[in-house]
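Listing of run_39.pdb; format and content: PDB, C-alpha atoms and all ligand atoms.
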ATOM      1  CA  MET A   1     -13.977  -6.680   6.687  1.00  0.00           C
ATOM      2  CA  ASN A   2     -12.312  -4.130   8.902  1.00  0.00           C
ATOM      3  CA  LYS A   3     -12.142  -0.368   8.440  1.00  0.00           C
ATOM      4  CA  ARG A   4      -8.808  -0.642   6.599  1.00  0.00           C
ATOM      5  CA  MET A   5     -10.310  -3.076   4.065  1.00  0.00           C
ATOM      6  CA  HIS A   6     -13.403  -0.883   3.594  1.00  0.00           C
ATOM      7  CA  ALA A   7     -11.116   2.074   2.895  1.00  0.00           C
ATOM      8  CA  ILE A   8      -9.488   0.060   0.093  1.00  0.00           C
ATOM      9  CA  VAL A   9     -12.861  -0.926  -1.375  1.00  0.00           C
ATOM     10  CA  LYS A  10     -13.801   2.768  -1.714  1.00  0.00           C
ATOM     11  CA  TYR A  11     -11.167   3.128  -4.451  1.00  0.00           C
ATOM     12  CA  ILE A  12     -12.298   0.134  -6.523  1.00  0.00           C
ATOM     13  CA  GLU A  13     -14.334   1.174  -9.555  1.00  0.00           C
ATOM     14  CA  PRO A  14     -16.496  -1.088 -11.714  1.00  0.00           C
ATOM     15  CA  GLY A  15     -14.271  -2.503 -14.421  1.00  0.00           C
ATOM     16  CA  ARG A  16     -12.512  -5.413 -16.062  1.00  0.00           C
ATOM     17  CA  GLY A  17     -11.201  -7.012 -12.933  1.00  0.00           C
ATOM     18  CA  LEU A  18      -9.175  -6.812  -9.769  1.00  0.00           C
ATOM     19  CA  ILE A  19      -6.383  -8.787  -8.200  1.00  0.00           C
ATOM     20  CA  ASP A  20      -5.744  -8.871  -4.477  1.00  0.00           C
ATOM     21  CA  VAL A  21      -2.068  -9.777  -4.038  1.00  0.00           C
ATOM     22  CA  GLY A  22      -1.307 -11.330  -0.651  1.00  0.00           C
ATOM     23  CA  THR A  23      -4.992 -11.956  -0.070  1.00  0.00           C
ATOM     24  CA  ASP A  24      -4.476 -14.060   3.095  1.00  0.00           C
ATOM     25  CA  HIS A  25      -8.019 -14.582   4.476  1.00  0.00           C
ATOM     26  CA  GLY A  26      -9.477 -13.470   1.144  1.00  0.00           C
ATOM     27  CA  TYR A  27     -11.933 -11.069   2.821  1.00  0.00           C
ATOM     28  CA  LEU A  28     -11.607  -8.408   0.144  1.00  0.00           C
ATOM     29  CA  PRO A  29     -12.261 -10.643  -2.917  1.00  0.00           C
ATOM     30  CA  THR A  30     -15.102 -12.376  -1.058  1.00  0.00           C
ATOM     31  CA  TRP A  31     -16.658  -9.040  -0.115  1.00  0.00           C
ATOM     32  CA  MET A  32     -16.377  -7.729  -3.680  1.00  0.00           C
ATOM     33  CA  ALA A  33     -17.912 -10.915  -5.099  1.00  0.00           C
ATOM     34  CA  SER A  34     -20.776 -10.715  -2.589  1.00  0.00           C
ATOM     35  CA  HIS A  35     -21.442  -7.025  -3.198  1.00  0.00           C
ATOM     36  CA  GLY A  36     -22.142  -6.848  -6.891  1.00  0.00           C
ATOM     37  CA  TYR A  37     -18.701  -6.387  -8.434  1.00  0.00           C
ATOM     38  CA  HIS A  38     -19.016  -7.767 -11.950  1.00  0.00           C
ATOM     39  CA  GLY A  39     -15.404  -7.889 -13.145  1.00  0.00           C
ATOM     40  CA  ASN A  40     -12.890 -10.709 -12.755  1.00  0.00           C
ATOM     41  CA  ILE A  41     -11.787 -11.300  -9.183  1.00  0.00           C
ATOM     42  CA  ILE A  42      -8.405 -12.830  -8.471  1.00  0.00           C
ATOM     43  CA  ALA A  43      -7.136 -13.751  -5.023  1.00  0.00           C
ATOM     44  CA  ALA A  44      -3.382 -14.420  -5.027  1.00  0.00           C
ATOM     45  CA  ASP A  45      -1.032 -15.499  -2.292  1.00  0.00           C
ATOM     46  CA  ILE A  46       2.466 -16.933  -2.164  1.00  0.00           C
ATOM     47  CA  ASN A  47       1.520 -19.360   0.598  1.00  0.00           C
ATOM     48  CA  ALA A  48      -0.863 -22.299   0.302  1.00  0.00           C
ATOM     49  CA  ALA A  49      -2.365 -22.069   3.817  1.00  0.00           C
ATOM     50  CA  PRO A  50      -3.717 -18.490   3.479  1.00  0.00           C
ATOM     51  CA  LEU A  51      -5.027 -19.236   0.008  1.00  0.00           C
ATOM     52  CA  GLN A  52      -6.863 -22.251   1.399  1.00  0.00           C
ATOM     53  CA  LYS A  53      -8.340 -19.982   4.086  1.00  0.00           C
ATOM     54  CA  ALA A  54      -9.422 -17.569   1.360  1.00  0.00           C
ATOM     55  CA  ARG A  55     -11.120 -20.442  -0.496  1.00  0.00           C
ATOM     56  CA  GLU A  56     -12.959 -21.527   2.642  1.00  0.00           C
ATOM     57  CA  ASN A  57     -14.162 -17.990   3.362  1.00  0.00           C
ATOM     58  CA  ALA A  58     -15.364 -17.600  -0.224  1.00  0.00           C
ATOM     59  CA  GLU A  59     -17.138 -20.930   0.066  1.00  0.00           C
ATOM     60  CA  LYS A  60     -18.925 -19.864   3.259  1.00  0.00           C
ATOM     61  CA  ALA A  61     -20.164 -16.785   1.409  1.00  0.00           C
ATOM     62  CA  GLY A  62     -21.162 -18.917  -1.606  1.00  0.00           C
ATOM     63  CA  VAL A  63     -18.936 -17.037  -4.073  1.00  0.00           C
ATOM     64  CA  THR A  64     -16.096 -19.520  -4.809  1.00  0.00           C
ATOM     65  CA  ASP A  65     -17.054 -19.710  -8.485  1.00  0.00           C
ATOM     66  CA  ARG A  66     -16.656 -15.916  -8.841  1.00  0.00           C
ATOM     67  CA  ILE A  67     -13.018 -15.927  -7.665  1.00  0.00           C
ATOM     68  CA  THR A  68      -9.853 -17.249  -9.306  1.00  0.00           C
ATOM     69  CA  PHE A  69      -7.306 -18.395  -6.747  1.00  0.00           C
ATOM     70  CA  GLN A  70      -3.637 -18.107  -7.675  1.00  0.00           C
ATOM     71  CA  LEU A  71      -0.821 -19.640  -5.635  1.00  0.00           C
ATOM     72  CA  CYS A  72       2.141 -17.549  -6.740  1.00  0.00           C
ATOM     73  CA  ASP A  73       4.667 -14.839  -5.984  1.00  0.00           C
ATOM     74  CA  GLY A  74       3.110 -11.406  -6.490  1.00  0.00           C
ATOM     75  CA  LEU A  75       1.631 -10.800  -9.920  1.00  0.00           C
ATOM     76  CA  GLU A  76       3.465 -13.594 -11.702  1.00  0.00           C
ATOM     77  CA  GLN A  77       0.343 -15.573 -12.692  1.00  0.00           C
ATOM     78  CA  CYS A  78      -1.860 -12.570 -13.348  1.00  0.00           C
ATOM     79  CA  LYS A  79      -2.887 -12.039 -16.970  1.00  0.00           C
ATOM     80  CA  PRO A  80      -2.574  -8.293 -17.610  1.00  0.00           C
ATOM     81  CA  GLU A  81      -5.721  -8.252 -19.755  1.00  0.00           C
ATOM     82  CA  SER A  82      -7.860  -9.725 -16.971  1.00  0.00           C
ATOM     83  CA  VAL A  83      -7.566  -6.816 -14.523  1.00  0.00           C
ATOM     84  CA  ASP A  84      -7.498  -3.032 -14.251  1.00  0.00           C
ATOM     85  CA  THR A  85      -7.138  -2.773 -10.479  1.00  0.00           C
ATOM     86  CA  ILE A  86      -4.192  -4.082  -8.503  1.00  0.00           C
ATOM     87  CA  ILE A  87      -4.480  -4.233  -4.728  1.00  0.00           C
ATOM     88  CA  ILE A  88      -1.449  -4.966  -2.583  1.00  0.00           C
ATOM     89  CA  ALA A  89      -2.182  -4.455   1.096  1.00  0.00           C
ATOM     90  CA  GLY A  90      -0.804  -5.407   4.462  1.00  0.00           C
ATOM     91  CA  MET A  91       2.831  -5.835   3.412  1.00  0.00           C
ATOM     92  CA  GLY A  92       6.016  -3.866   3.784  1.00  0.00           C
ATOM     93  CA  GLY A  93       6.572  -1.044   1.294  1.00  0.00           C
ATOM     94  CA  ASP A  94       9.804  -2.671   0.111  1.00  0.00           C
ATOM     95  CA  LEU A  95       8.035  -5.951  -0.674  1.00  0.00           C
ATOM     96  CA  ILE A  96       5.320  -4.067  -2.589  1.00  0.00           C
ATOM     97  CA  CYS A  97       8.087  -2.403  -4.671  1.00  0.00           C
ATOM     98  CA  ARG A  98       9.630  -5.788  -5.408  1.00  0.00           C
ATOM     99  CA  ILE A  99       6.276  -7.208  -6.539  1.00  0.00           C
ATOM    100  CA  LEU A 100       5.698  -4.220  -8.853  1.00  0.00           C
ATOM    101  CA  ASP A 101       9.273  -4.339 -10.131  1.00  0.00           C
ATOM    102  CA  LEU A 102       8.724  -7.907 -11.324  1.00  0.00           C
ATOM    103  CA  ALA A 103       5.536  -6.983 -13.214  1.00  0.00           C
ATOM    104  CA  GLU A 104       6.588  -4.341 -15.706  1.00  0.00           C
ATOM    105  CA  TRP A 105       3.205  -4.584 -17.436  1.00  0.00           C
ATOM    106  CA  CYS A 106       1.588  -2.635 -14.599  1.00  0.00           C
ATOM    107  CA  MET A 107       3.530   0.427 -15.761  1.00  0.00           C
ATOM    108  CA  ASP A 108       0.613   1.368 -17.934  1.00  0.00           C
ATOM    109  CA  ARG A 109      -2.152   3.944 -17.446  1.00  0.00           C
ATOM    110  CA  ARG A 110      -4.769   1.181 -17.654  1.00  0.00           C
ATOM    111  CA  TYR A 111      -4.013  -0.032 -14.140  1.00  0.00           C
ATOM    112  CA  LYS A 112      -4.996   1.564 -10.900  1.00  0.00           C
ATOM    113  CA  LEU A 113      -2.807   0.558  -7.985  1.00  0.00           C
ATOM    114  CA  ILE A 114      -4.295   0.528  -4.500  1.00  0.00           C
ATOM    115  CA  LEU A 115      -1.423   0.014  -2.102  1.00  0.00           C
ATOM    116  CA  GLN A 116      -1.442  -0.228   1.650  1.00  0.00           C
ATOM    117  CA  PRO A 117       2.094  -0.499   3.044  1.00  0.00           C
ATOM    118  CA  MET A 118       2.432  -1.520   6.700  1.00  0.00           C
ATOM    119  CA  THR A 119       5.998  -0.227   6.892  1.00  0.00           C
ATOM    120  CA  LYS A 120       8.481   1.662   4.710  1.00  0.00           C
ATOM    121  CA  SER A 121       5.873   3.737   2.899  1.00  0.00           C
ATOM    122  CA  GLU A 122       8.700   6.167   2.061  1.00  0.00           C
ATOM    123  CA  VAL A 123      10.433   3.436   0.034  1.00  0.00           C
ATOM    124  CA  LEU A 124       7.212   2.784  -1.847  1.00  0.00           C
ATOM    125  CA  ARG A 125       6.568   6.501  -2.576  1.00  0.00           C
ATOM    126  CA  TYR A 126      10.170   6.827  -3.739  1.00  0.00           C
ATOM    127  CA  TRP A 127       9.749   3.836  -6.046  1.00  0.00           C
ATOM    128  CA  LEU A 128       6.449   5.132  -7.446  1.00  0.00           C
ATOM    129  CA  THR A 129       7.633   8.670  -8.091  1.00  0.00           C
ATOM    130  CA  ASN A 130      10.877   7.444  -9.653  1.00  0.00           C
ATOM    131  CA  ASN A 131       9.021   5.100 -11.980  1.00  0.00           C
ATOM    132  CA  GLU A 132       6.688   7.724 -13.417  1.00  0.00           C
ATOM    133  CA  PHE A 133       3.635   6.899 -11.328  1.00  0.00           C
ATOM    134  CA  GLU A 134       1.286   9.610 -10.300  1.00  0.00           C
ATOM    135  CA  ILE A 135       0.055   9.397  -6.732  1.00  0.00           C
ATOM    136  CA  LEU A 136      -3.660  10.143  -7.053  1.00  0.00           C
ATOM    137  CA  ALA A 137      -4.747   9.875  -3.436  1.00  0.00           C
ATOM    138  CA  GLU A 138      -3.396   9.390   0.046  1.00  0.00           C
ATOM    139  CA  ASP A 139      -5.696   8.065   2.716  1.00  0.00           C
ATOM    140  CA  LEU A 140      -5.138   7.460   6.414  1.00  0.00           C
ATOM    141  CA  VAL A 141      -7.220   4.912   8.259  1.00  0.00           C
ATOM    142  CA  PRO A 142      -7.292   4.924  12.055  1.00  0.00           C
ATOM    143  CA  GLU A 143      -7.875   1.493  13.512  1.00  0.00           C
ATOM    144  CA  GLY A 144      -6.876  -0.271  16.710  1.00  0.00           C
ATOM    145  CA  GLY A 145      -4.556   2.545  17.756  1.00  0.00           C
ATOM    146  CA  ASN A 146      -2.746   2.486  14.391  1.00  0.00           C
ATOM    147  CA  LEU A 147      -2.907   4.885  11.483  1.00  0.00           C
ATOM    148  CA  TYR A 148      -2.758   2.896   8.265  1.00  0.00           C
ATOM    149  CA  GLN A 149      -1.533   4.553   5.074  1.00  0.00           C
ATOM    150  CA  LEU A 150      -3.208   3.930   1.763  1.00  0.00           C
ATOM    151  CA  ILE A 151      -1.709   5.086  -1.539  1.00  0.00           C
ATOM    152  CA  VAL A 152      -3.572   5.129  -4.848  1.00  0.00           C
ATOM    153  CA  ALA A 153      -1.402   5.469  -7.948  1.00  0.00           C
ATOM    154  CA  ARG A 154      -1.454   5.196 -11.712  1.00  0.00           C
ATOM    155  CA  PHE A 155       1.386   5.096 -14.228  1.00  0.00           C
ATOM    156  CA  GLY A 156       2.020   8.036 -16.515  1.00  0.00           C
ATOM    157  CA  GLY A 157       2.239  11.082 -14.361  1.00  0.00           C
ATOM    158  CA  SER A 158       4.739  12.921 -12.341  1.00  0.00           C
ATOM    159  CA  THR A 159       4.483  13.459  -8.651  1.00  0.00           C
ATOM    160  CA  ARG A 160       7.330  15.318  -6.979  1.00  0.00           C
ATOM    161  CA  LEU A 161       7.761  14.731  -3.291  1.00  0.00           C
ATOM    162  CA  SER A 162      10.010  16.456  -0.789  1.00  0.00           C
ATOM    163  CA  ASP A 163      11.960  14.382   1.765  1.00  0.00           C
ATOM    164  CA  GLY A 164       9.233  14.788   4.372  1.00  0.00           C
ATOM    165  CA  GLU A 165       6.483  14.012   1.861  1.00  0.00           C
ATOM    166  CA  LEU A 166       8.140  10.686   1.058  1.00  0.00           C
ATOM    167  CA  PHE A 167       7.231   9.670   4.608  1.00  0.00           C
ATOM    168  CA  LEU A 168       3.944  11.511   4.874  1.00  0.00           C
ATOM    169  CA  GLY A 169       2.488  11.842   1.399  1.00  0.00           C
ATOM    170  CA  LYS A 170       1.230  15.083  -0.152  1.00  0.00           C
ATOM    171  CA  LYS A 171      -1.214  17.037   1.964  1.00  0.00           C
ATOM    172  CA  GLN A 172      -3.178  18.378  -1.050  1.00  0.00           C
ATOM    173  CA  ILE A 173      -4.278  14.863  -2.062  1.00  0.00           C
ATOM    174  CA  CYS A 174      -4.752  13.494   1.445  1.00  0.00           C
ATOM    175  CA  THR A 175      -8.416  12.838   2.199  1.00  0.00           C
ATOM    176  CA  ASP A 176      -8.263  13.872   5.853  1.00  0.00           C
ATOM    177  CA  TRP A 177      -6.103  16.807   6.982  1.00  0.00           C
ATOM    178  CA  GLU A 178      -6.687  16.112  10.680  1.00  0.00           C
ATOM    179  CA  LEU A 179      -5.293  12.606  10.345  1.00  0.00           C
ATOM    180  CA  TYR A 180      -2.495  13.997   8.168  1.00  0.00           C
ATOM    181  CA  GLU A 181      -1.563  16.295  11.036  1.00  0.00           C
ATOM    182  CA  GLN A 182      -1.641  13.368  13.495  1.00  0.00           C
ATOM    183  CA  GLN A 183       0.680  11.389  11.242  1.00  0.00           C
ATOM    184  CA  ARG A 184       2.974  14.405  10.815  1.00  0.00           C
ATOM    185  CA  GLN A 185       3.288  14.815  14.601  1.00  0.00           C
ATOM    186  CA  LYS A 186       3.981  11.090  14.981  1.00  0.00           C
ATOM    187  CA  LEU A 187       6.778  11.281  12.403  1.00  0.00           C
ATOM    188  CA  ILE A 188       8.241  14.425  13.951  1.00  0.00           C
ATOM    189  CA  LYS A 189       8.465  12.599  17.313  1.00  0.00           C
ATOM    190  CA  ARG A 190      10.043   9.579  15.598  1.00  0.00           C
ATOM    191  CA  PHE A 191      12.753  11.683  13.947  1.00  0.00           C
ATOM    192  CA  GLU A 192      13.367  13.767  17.065  1.00  0.00           C
ATOM    193  CA  ALA A 193      13.902  10.553  19.054  1.00  0.00           C
ATOM    194  CA  ALA A 194      16.223   9.096  16.392  1.00  0.00           C
ATOM    195  CA  ILE A 195      18.263  12.314  16.262  1.00  0.00           C
ATOM    196  CA  ALA A 196      18.468  12.510  20.078  1.00  0.00           C
ATOM    197  CA  GLY A 197      19.631   8.880  20.106  1.00  0.00           C
ATOM    198  CA  MET A 198      22.417   9.683  17.656  1.00  0.00           C
ATOM    199  CA  GLU A 199      23.469  12.732  19.621  1.00  0.00           C
ATOM    200  CA  LYS A 200      24.019  10.662  22.771  1.00  0.00           C
ATOM    201  CA  ASN A 201      27.081   9.310  21.044  1.00  0.00           C
ATOM    202  CA  ALA A 202      29.823  11.896  20.518  1.00  0.00           C
ATOM    203  CA  ALA A 203      30.450  10.744  16.923  1.00  0.00           C
ATOM    204  CA  GLY A 204      26.742  10.429  16.167  1.00  0.00           C
ATOM    205  CA  ALA A 205      26.142  14.105  15.439  1.00  0.00           C
ATOM    206  CA  GLY A 206      28.757  14.008  12.682  1.00  0.00           C
ATOM    207  CA  LEU A 207      27.231  11.072  10.832  1.00  0.00           C
ATOM    208  CA  PRO A 208      25.702  11.640   7.356  1.00  0.00           C
ATOM    209  CA  ALA A 209      22.532   9.970   8.684  1.00  0.00           C
ATOM    210  CA  HIS A 210      22.311  12.663  11.367  1.00  0.00           C
ATOM    211  CA  ARG A 211      22.325  15.426   8.746  1.00  0.00           C
ATOM    212  CA  LEU A 212      19.797  13.578   6.623  1.00  0.00           C
ATOM    213  CA  TYR A 213      17.466  13.011   9.598  1.00  0.00           C
ATOM    214  CA  ARG A 214      17.703  16.684  10.508  1.00  0.00           C
ATOM    215  CA  GLU A 215      16.781  17.655   6.942  1.00  0.00           C
ATOM    216  CA  ILE A 216      13.782  15.307   6.978  1.00  0.00           C
ATOM    217  CA  LEU A 217      12.698  16.643  10.359  1.00  0.00           C
ATOM    218  CA  GLU A 218      12.950  20.261   9.186  1.00  0.00           C
ATOM    219  CA  ASP A 219      10.868  19.404   6.144  1.00  0.00           C
ATOM    220  CA  LEU A 220       8.246  17.607   8.269  1.00  0.00           C
ATOM    221  CA  GLU A 221       8.012  20.702  10.473  1.00  0.00           C
ATOM    222  CA  ARG A 222       7.551  22.865   7.389  1.00  0.00           C
ATOM    223  CA  LEU A 223       4.725  20.673   6.037  1.00  0.00           C
ATOM    224  CA  GLY A 224       2.308  21.714   8.800  1.00  0.00           C
TER     225      GLY A 224
HETATM  226  C1  LIG B 301      -0.263  -9.657   6.554  1.00  0.00           C
HETATM  227  S1  LIG B 301      -1.046 -10.487   5.257  1.00  0.00           S
HETATM  228  C2  LIG B 301      -2.039  -9.218   4.529  1.00  0.00           C
HETATM  229  C3  LIG B 301      -3.392  -9.750   4.162  1.00  0.00           C
HETATM  230  C4  LIG B 301      -4.333  -8.754   3.500  1.00  0.00           C
HETATM  231  N1  LIG B 301      -3.855  -8.335   2.204  1.00  0.00           N
HETATM  232  C5  LIG B 301      -4.587  -7.566   4.392  1.00  0.00           C
HETATM  233  O1  LIG B 301      -4.225  -6.443   4.015  1.00  0.00           O
HETATM  234  O2  LIG B 301      -5.142  -7.743   5.487  1.00  0.00           O
HETATM  235  C6  LIG B 301       0.215 -10.692   4.045  1.00  0.00           C
HETATM  236  C7  LIG B 301      -0.082 -11.819   3.054  1.00  0.00           C
HETATM  237  O3  LIG B 301       0.785 -11.638   1.944  1.00  0.00           O
HETATM  238  C8  LIG B 301       1.259 -12.884   1.522  1.00  0.00           C
HETATM  239  N2  LIG B 301       2.495 -12.639   0.763  1.00  0.00           N
HETATM  240  C9  LIG B 301       3.709 -12.310   1.242  1.00  0.00           C
HETATM  241  N3  LIG B 301       4.589 -12.142   0.236  1.00  0.00           N
HETATM  242  C10 LIG B 301       3.900 -12.346  -0.918  1.00  0.00           C
HETATM  243  C11 LIG B 301       4.233 -12.329  -2.292  1.00  0.00           C
HETATM  244  N4  LIG B 301       5.474 -12.063  -2.707  1.00  0.00           N
HETATM  245  N5  LIG B 301       3.280 -12.594  -3.201  1.00  0.00           N
HETATM  246  C12 LIG B 301       2.009 -12.884  -2.799  1.00  0.00           C
HETATM  247  N6  LIG B 301       1.634 -12.936  -1.512  1.00  0.00           N
HETATM  248  C13 LIG B 301       2.554 -12.656  -0.576  1.00  0.00           C
HETATM  249  C14 LIG B 301       1.400 -13.698   2.815  1.00  0.00           C
HETATM  250  O4  LIG B 301       1.370 -15.077   2.582  1.00  0.00           O
HETATM  251  C15 LIG B 301       0.185 -13.211   3.608  1.00  0.00           C
HETATM  252  O5  LIG B 301      -0.929 -14.032   3.389  1.00  0.00           O
END
So, in terms of structure tokens, how does the structure I just supplied come out?
Amino acid sequence: MNKRMHAIVKYIEPGRGLIDVGTDHGYLPTWMASHGYHGNIIAADINAAPLQKARENAEKAGVTDRITFQLCDGLEQCKPESVDTIIIAGMGGDLICRILDLAEWCMDRRYKLILQPMTKSEVLRYWLTNNEFEILAEDLVPEGGNLYQLIVARFGGSTRLSDGELFLGKKQICTDWELYEQQRQKLIKRFEAAIAGMEKNAAGAGLPAHRLYREILEDLERLG
């Protein structure tokens, strides 16, 4: 279990059950089963090889009988009544949206979503806020030179995000303002570089994307 995984575990409460979608090595379900979690534990993956790895890791820890292994796309085999916590970590934000889109049942206050997008977190925040999810917490986890984003959400609220906040999350609910500032500076540099790249081309500065990037950059600067 790395720091990123431990950060996810912090948001899991005792309850009916959890599903770890895209479990890969199965570290998270195995850790939960070995550390006194009493609810149902489901490890799901679309590929057979990672699921087999997850089984082997659970076996080594002696907790195979505590975990249900599902070979499937996203949440398609998950029984809604068996869980209250949905974890989708280590995937692109767009793929996480697709998985949630195909499981309309998770649009219900009963489910807590713990999401950890590796890329395109802005797409995921856009999807969540446009589908009536409330973003309850934003966490940033520094590890191996990266800053991983973690989003905790529940259906039935309204979170309004500005353009910059779609990329960065809301400061008020971010657990660490120093890391928030680091992430903000990183994004500012990213947008400055993208804008400078566009401006190298004479037509670039007139593109709609140029205006949009400038607006996002201005908002990111304002969020400090
Ligand atoms: C990079 S690993 C992330 C593993 C772990 N969740 C983590 O955060 O370290 C992504 C895993 O997601 C699985 N995966 C990709 N698309 C999926 C889908 N639509 N449904 C379920 N699993 C998926 C892959 O097979 C792979 O094992």
List as a ChimeraX atom specification the protein and nucleic acid residues lying within 7 Å of ligand LIG 301 (chain B), with all atoms listed in the file counted.
/A:5,20-25,44-47,50,72-74,88-91,95,99
Output file for the selection above: C-alpha atoms, as a PDB file, keeping the file's coordinate frame:
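Full text of selection05.pdb as output:
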ATOM      1  CA  MET A   5     -10.310  -3.076   4.065  1.00  0.00           C
ATOM      2  CA  ASP A  20      -5.744  -8.871  -4.477  1.00  0.00           C
ATOM      3  CA  VAL A  21      -2.068  -9.777  -4.038  1.00  0.00           C
ATOM      4  CA  GLY A  22      -1.307 -11.330  -0.651  1.00  0.00           C
ATOM      5  CA  THR A  23      -4.992 -11.956  -0.070  1.00  0.00           C
ATOM      6  CA  ASP A  24      -4.476 -14.060   3.095  1.00  0.00           C
ATOM      7  CA  HIS A  25      -8.019 -14.582   4.476  1.00  0.00           C
ATOM      8  CA  ALA A  44      -3.382 -14.420  -5.027  1.00  0.00           C
ATOM      9  CA  ASP A  45      -1.032 -15.499  -2.292  1.00  0.00           C
ATOM     10  CA  ILE A  46       2.466 -16.933  -2.164  1.00  0.00           C
ATOM     11  CA  ASN A  47       1.520 -19.360   0.598  1.00  0.00           C
ATOM     12  CA  PRO A  50      -3.717 -18.490   3.479  1.00  0.00           C
ATOM     13  CA  CYS A  72       2.141 -17.549  -6.740  1.00  0.00           C
ATOM     14  CA  ASP A  73       4.667 -14.839  -5.984  1.00  0.00           C
ATOM     15  CA  GLY A  74       3.110 -11.406  -6.490  1.00  0.00           C
ATOM     16  CA  ILE A  88      -1.449  -4.966  -2.583  1.00  0.00           C
ATOM     17  CA  ALA A  89      -2.182  -4.455   1.096  1.00  0.00           C
ATOM     18  CA  GLY A  90      -0.804  -5.407   4.462  1.00  0.00           C
ATOM     19  CA  MET A  91       2.831  -5.835   3.412  1.00  0.00           C
ATOM     20  CA  LEU A  95       8.035  -5.951  -0.674  1.00  0.00           C
ATOM     21  CA  ILE A  99       6.276  -7.208  -6.539  1.00  0.00           C
TER      22      ILE A  99
END
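Note that the spacing between CA of Gln116 (chain A) and CA of Leu102 (chain A) amounts to 18.2 Å.
Distances here use only C-alpha atoms; by that measure, the residue among A:Trp105, A:Trp31, A:Trp127, A:Tyr148 closest to Glu76 (chain A) is A:Trp105.
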Please report, as lines of an AutoDock Vina configuration file, the centre and edge lengths in Å to one decimal of an axis-aligned box covering all listed atoms of region 28-39 of chain A with 3 Å per side.
center_x = -16.9
center_y = -9.4
center_z = -6.5
size_x = 16.5
size_y = 12.0
size_z = 19.3
Atomic distance CA of Arg4 (chain A) - CA of Gly93 (chain A), expressed in Å with one decimal
16.3 Å
So which residues touch Asp139 (chain A) within 12 Å, counting all atoms listed in the file, skipping near sequence neighbours fewer than 2 positions away, as an mmCIF file with C-alpha atoms, in the frame of the given file?
data_model
loop_
_atom_site.group_PDB
_atom_site.id
_atom_site.type_symbol
_atom_site.label_atom_id
_atom_site.label_comp_id
_atom_site.auth_asym_id
_atom_site.auth_seq_id
_atom_site.Cartn_x
_atom_site.Cartn_y
_atom_site.Cartn_z
ATOM 1 C CA ARG A 4 -8.808 -0.642 6.599
ATOM 2 C CA HIS A 6 -13.403 -0.883 3.594
ATOM 3 C CA ALA A 7 -11.116 2.074 2.895
ATOM 4 C CA ILE A 8 -9.488 0.060 0.093
ATOM 5 C CA LYS A 10 -13.801 2.768 -1.714
ATOM 6 C CA TYR A 11 -11.167 3.128 -4.451
ATOM 7 C CA ILE A 114 -4.295 0.528 -4.500
ATOM 8 C CA LEU A 115 -1.423 0.014 -2.102
ATOM 9 C CA GLN A 116 -1.442 -0.228 1.650
ATOM 10 C CA PRO A 117 2.094 -0.499 3.044
ATOM 11 C CA ILE A 135 0.055 9.397 -6.732
ATOM 12 C CA LEU A 136 -3.660 10.143 -7.053
ATOM 13 C CA ALA A 137 -4.747 9.875 -3.436
ATOM 14 C CA VAL A 141 -7.220 4.912 8.259
ATOM 15 C CA PRO A 142 -7.292 4.924 12.055
ATOM 16 C CA LEU A 147 -2.907 4.885 11.483
ATOM 17 C CA TYR A 148 -2.758 2.896 8.265
ATOM 18 C CA GLN A 149 -1.533 4.553 5.074
ATOM 19 C CA LEU A 150 -3.208 3.930 1.763
ATOM 20 C CA ILE A 151 -1.709 5.086 -1.539
ATOM 21 C CA VAL A 152 -3.572 5.129 -4.848
ATOM 22 C CA ALA A 153 -1.402 5.469 -7.948
ATOM 23 C CA LEU A 168 3.944 11.511 4.874
ATOM 24 C CA GLY A 169 2.488 11.842 1.399
ATOM 25 C CA LYS A 170 1.230 15.083 -0.152
ATOM 26 C CA LYS A 171 -1.214 17.037 1.964
ATOM 27 C CA GLN A 172 -3.178 18.378 -1.050
ATOM 28 C CA ILE A 173 -4.278 14.863 -2.062
ATOM 29 C CA CYS A 174 -4.752 13.494 1.445
ATOM 30 C CA THR A 175 -8.416 12.838 2.199
ATOM 31 C CA ASP A 176 -8.263 13.872 5.853
ATOM 32 C CA TRP A 177 -6.103 16.807 6.982
ATOM 33 C CA GLU A 178 -6.687 16.112 10.680
ATOM 34 C CA LEU A 179 -5.293 12.606 10.345
ATOM 35 C CA TYR A 180 -2.495 13.997 8.168
ATOM 36 C CA GLN A 183 0.680 11.389 11.242
#
Given the PyMOL selection byres (((chain A and resi 158) around 10) and not hetatm) and the file above, list the residues it selects as a list in words.
Leu128, Thr129, Asn130, Asn131, Glu132, Phe133, Glu134, Ile135, Arg154, Phe155, Gly156, Gly157, Thr159, Arg160 and Leu161 of chain A
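Between CA of Ala49 (chain A) and CA of Leu71 (chain A) the separation is 9.9 Å.
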Residues matched by the PyMOL selection byres (((chain A and resi 34) around 12) and not hetatm) as number ranges by chain
A: 27-33, 35-38, 41, 57-67
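Here the question is which of A:Ile12, A:Arg190, A:Arg98, A:Phe69 gets nearest to Leu113 (chain A) using only C-alpha atoms, and that residue is A:Ile12.
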What's around Lys120 (chain A) at 9 Å? Count all atoms listed in the file, leave out sequence neighbours fewer than 5 positions away in its own chain, and write the answer as an MDAnalysis selection string.
chainID A and resid 92:94 125 167
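Applied to the shown file, the PyMOL selection byres (((chain A and resi 216) around 10) and not hetatm) selects the residues Ser162, Asp163, Gly164, Glu165, Leu166, Phe167, Leu187, Ile188, Phe191, His210, Arg211, Leu212, Tyr213, Arg214, Glu215, Leu217, Glu218, Asp219, Leu220, Glu221 and Arg222 of chain A.
Closest approach to Gly17 (chain A) among A:Asp108, A:Arg55, A:Ile87, A:Gly144: A:Ile87, based on only C-alpha atoms.
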Counting all atoms listed in the file, figure out which residue out of A:Leu223, A:Leu124, A:Ala103, A:Ala209 gets nearest to Ile86 (chain A).
A:Ala103
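The residue that comes closest to Glu181 (chain A), out of A:Ile195, A:Leu140, A:Glu81, A:Gly204 and on the basis of all atoms listed in the file, is A:Leu140.
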